[in-house]
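A quick write-up on the structure given underneath.
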Amino acid sequence: MYQTIKKNQNCIAVTYKEEIYKLPIRDIFYFETVDNKAFFYCADKVYETKLKLYEFEELSEGTSFFRASKSVILNADKIRCVKPVLNGRFEATLENGEKVIISRQYVADLKKAFGL
């Protein structure tokens with residue numbers, strides 16, 4: 001199943017209020033793991049998934065997604081702007097106004113995703 005998703009980059013199966021949906025990958029703002037659970041954050045909804053962080057990282061390789069911290073994979077296409085904050089980290093403001101911190105160890109990935 002994962003190979004099909006990677007080839008087509010179309011949709012991922014997710015759960016929302018105990019119902020299963022096909023989520024278009026282009027709608028994902030970021031992927032995050034919290035307390036042994038994984039979530040896809042979109043413009044106005046949060047979907048749960050069974051994927052592990054490393055699995056989604058492999059699936060999204062070669063796309064606009066990049067690792068932003070130990071627990072977040074961010075879609076560069078959904079970033080409105082970025083600014084430096086304390087200790088070499090950056091803060092990304094997404095198209096929906098949400099803010100996500102990019103750890104300093106992943107700033108190089110951010111710059112690569114932005115073509116800097």
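Identifiers for the structure tokens are assigned positionally: chains receive A, B, ... in sequence, residues are indexed from 1 per chain, and ligands are indexed from 1 in the order shown.
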
- Message: Please identify the strand (DSSP E) residues within chain A (assignment by DSSP from backbone atoms) and present them as a VMD selection string.
- Response: chain A and resid 11 to 16 19 to 24 30 to 34 37 to 41 46 to 49 65 to 69 72 to 75 79 to 84 90 to 94 99 to 102

Selected residues written out, C-alpha atoms, as a PDB file, in the first residue's frame:
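And here's selection11.pdb as it stands now:
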ATOM      1  CA  CYS A  11      -4.231  10.217  -1.095  1.00  0.00           C
ATOM      2  CA  ILE A  12      -3.599   8.715   2.318  1.00  0.00           C
ATOM      3  CA  ALA A  13      -6.149   6.879   4.461  1.00  0.00           C
ATOM      4  CA  VAL A  14      -6.868   8.835   7.659  1.00  0.00           C
ATOM      5  CA  THR A  15      -9.362   8.757  10.523  1.00  0.00           C
ATOM      6  CA  TYR A  16     -11.605  11.595  11.654  1.00  0.00           C
ATOM      7  CA  GLU A  19     -14.606   7.473  10.116  1.00  0.00           C
ATOM      8  CA  ILE A  20     -11.986   6.662   7.495  1.00  0.00           C
ATOM      9  CA  TYR A  21     -11.303   9.166   4.714  1.00  0.00           C
ATOM     10  CA  LYS A  22      -8.996   9.428   1.723  1.00  0.00           C
ATOM     11  CA  LEU A  23      -6.999  12.601   2.335  1.00  0.00           C
ATOM     12  CA  PRO A  24      -5.349  14.224  -0.708  1.00  0.00           C
ATOM     13  CA  TYR A  30       2.069  19.038   8.319  1.00  0.00           C
ATOM     14  CA  PHE A  31       2.402  15.637   9.970  1.00  0.00           C
ATOM     15  CA  GLU A  32       3.063  15.385  13.703  1.00  0.00           C
ATOM     16  CA  THR A  33       3.495  12.672  16.308  1.00  0.00           C
ATOM     17  CA  VAL A  34       2.250  13.372  19.848  1.00  0.00           C
ATOM     18  CA  LYS A  37      -0.212   9.011  18.082  1.00  0.00           C
ATOM     19  CA  ALA A  38       0.191  10.514  14.628  1.00  0.00           C
ATOM     20  CA  PHE A  39      -1.813  13.296  13.012  1.00  0.00           C
ATOM     21  CA  PHE A  40      -2.172  15.108   9.690  1.00  0.00           C
ATOM     22  CA  TYR A  41      -2.954  18.794  10.099  1.00  0.00           C
ATOM     23  CA  VAL A  46      -6.834  17.308  12.162  1.00  0.00           C
ATOM     24  CA  TYR A  47      -6.867  13.675  11.034  1.00  0.00           C
ATOM     25  CA  GLU A  48      -5.399  10.720  12.888  1.00  0.00           C
ATOM     26  CA  THR A  49      -3.303   8.138  11.081  1.00  0.00           C
ATOM     27  CA  PHE A  65       7.592  17.868   2.641  1.00  0.00           C
ATOM     28  CA  PHE A  66      10.655  18.144   4.883  1.00  0.00           C
ATOM     29  CA  ARG A  67      11.548  17.302   8.474  1.00  0.00           C
ATOM     30  CA  ALA A  68      11.048  20.377  10.695  1.00  0.00           C
ATOM     31  CA  SER A  69      11.716  18.783  14.109  1.00  0.00           C
ATOM     32  CA  VAL A  72       7.070  17.199  12.653  1.00  0.00           C
ATOM     33  CA  ILE A  73       7.236  16.879   8.873  1.00  0.00           C
ATOM     34  CA  LEU A  74       6.173  20.140   7.235  1.00  0.00           C
ATOM     35  CA  ASN A  75       4.803  20.891   3.756  1.00  0.00           C
ATOM     36  CA  ILE A  79       4.318  28.042   4.358  1.00  0.00           C
ATOM     37  CA  ARG A  80       3.376  31.708   3.989  1.00  0.00           C
ATOM     38  CA  CYS A  81       6.550  33.085   5.610  1.00  0.00           C
ATOM     39  CA  VAL A  82       9.368  32.209   8.004  1.00  0.00           C
ATOM     40  CA  LYS A  83      11.352  34.201  10.529  1.00  0.00           C
ATOM     41  CA  PRO A  84      14.285  33.436  12.806  1.00  0.00           C
ATOM     42  CA  PHE A  90      12.842  29.422  12.738  1.00  0.00           C
ATOM     43  CA  GLU A  91       9.109  29.968  13.029  1.00  0.00           C
ATOM     44  CA  ALA A  92       6.998  29.164   9.972  1.00  0.00           C
ATOM     45  CA  THR A  93       3.619  30.812   9.550  1.00  0.00           C
ATOM     46  CA  LEU A  94       1.375  28.585   7.464  1.00  0.00           C
ATOM     47  CA  LYS A  99       2.748  28.707  13.466  1.00  0.00           C
ATOM     48  CA  VAL A 100       5.229  25.810  13.519  1.00  0.00           C
ATOM     49  CA  ILE A 101       8.755  25.874  14.952  1.00  0.00           C
ATOM     50  CA  ILE A 102      11.594  24.516  12.820  1.00  0.00           C
TER      51      ILE A 102
END

Looking only at the backbone, which of the residues in chain A does DSSP tag as helix (DSSP H, G or I), as a PyMOL selection string?
-> chain A and resi 2-8+25-27+53-59+76-78+86-88+104-114

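Between atom CA of Glu61 of chain A and atom CA of Lys17 of chain A the interatomic distance comes to 28.7 Å.
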
Q) Pick from A:Ala43, A:Val85, A:Leu116, A:Asn36: nearest to Ser103 of chain A, with only C-alpha atoms counted? A)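 When distances to Ser103 of chain A are compared using only C-alpha atoms, the smallest one comes from A:Val85.
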
- Record the distance separating atom CA of Lys78 of chain A and atom CA of Glu95 of chain A, expressed in Å with one decimal.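 Computing the Euclidean distance for atom CA of Lys78 of chain A and atom CA of Glu95 of chain A yields 5.6 Å.
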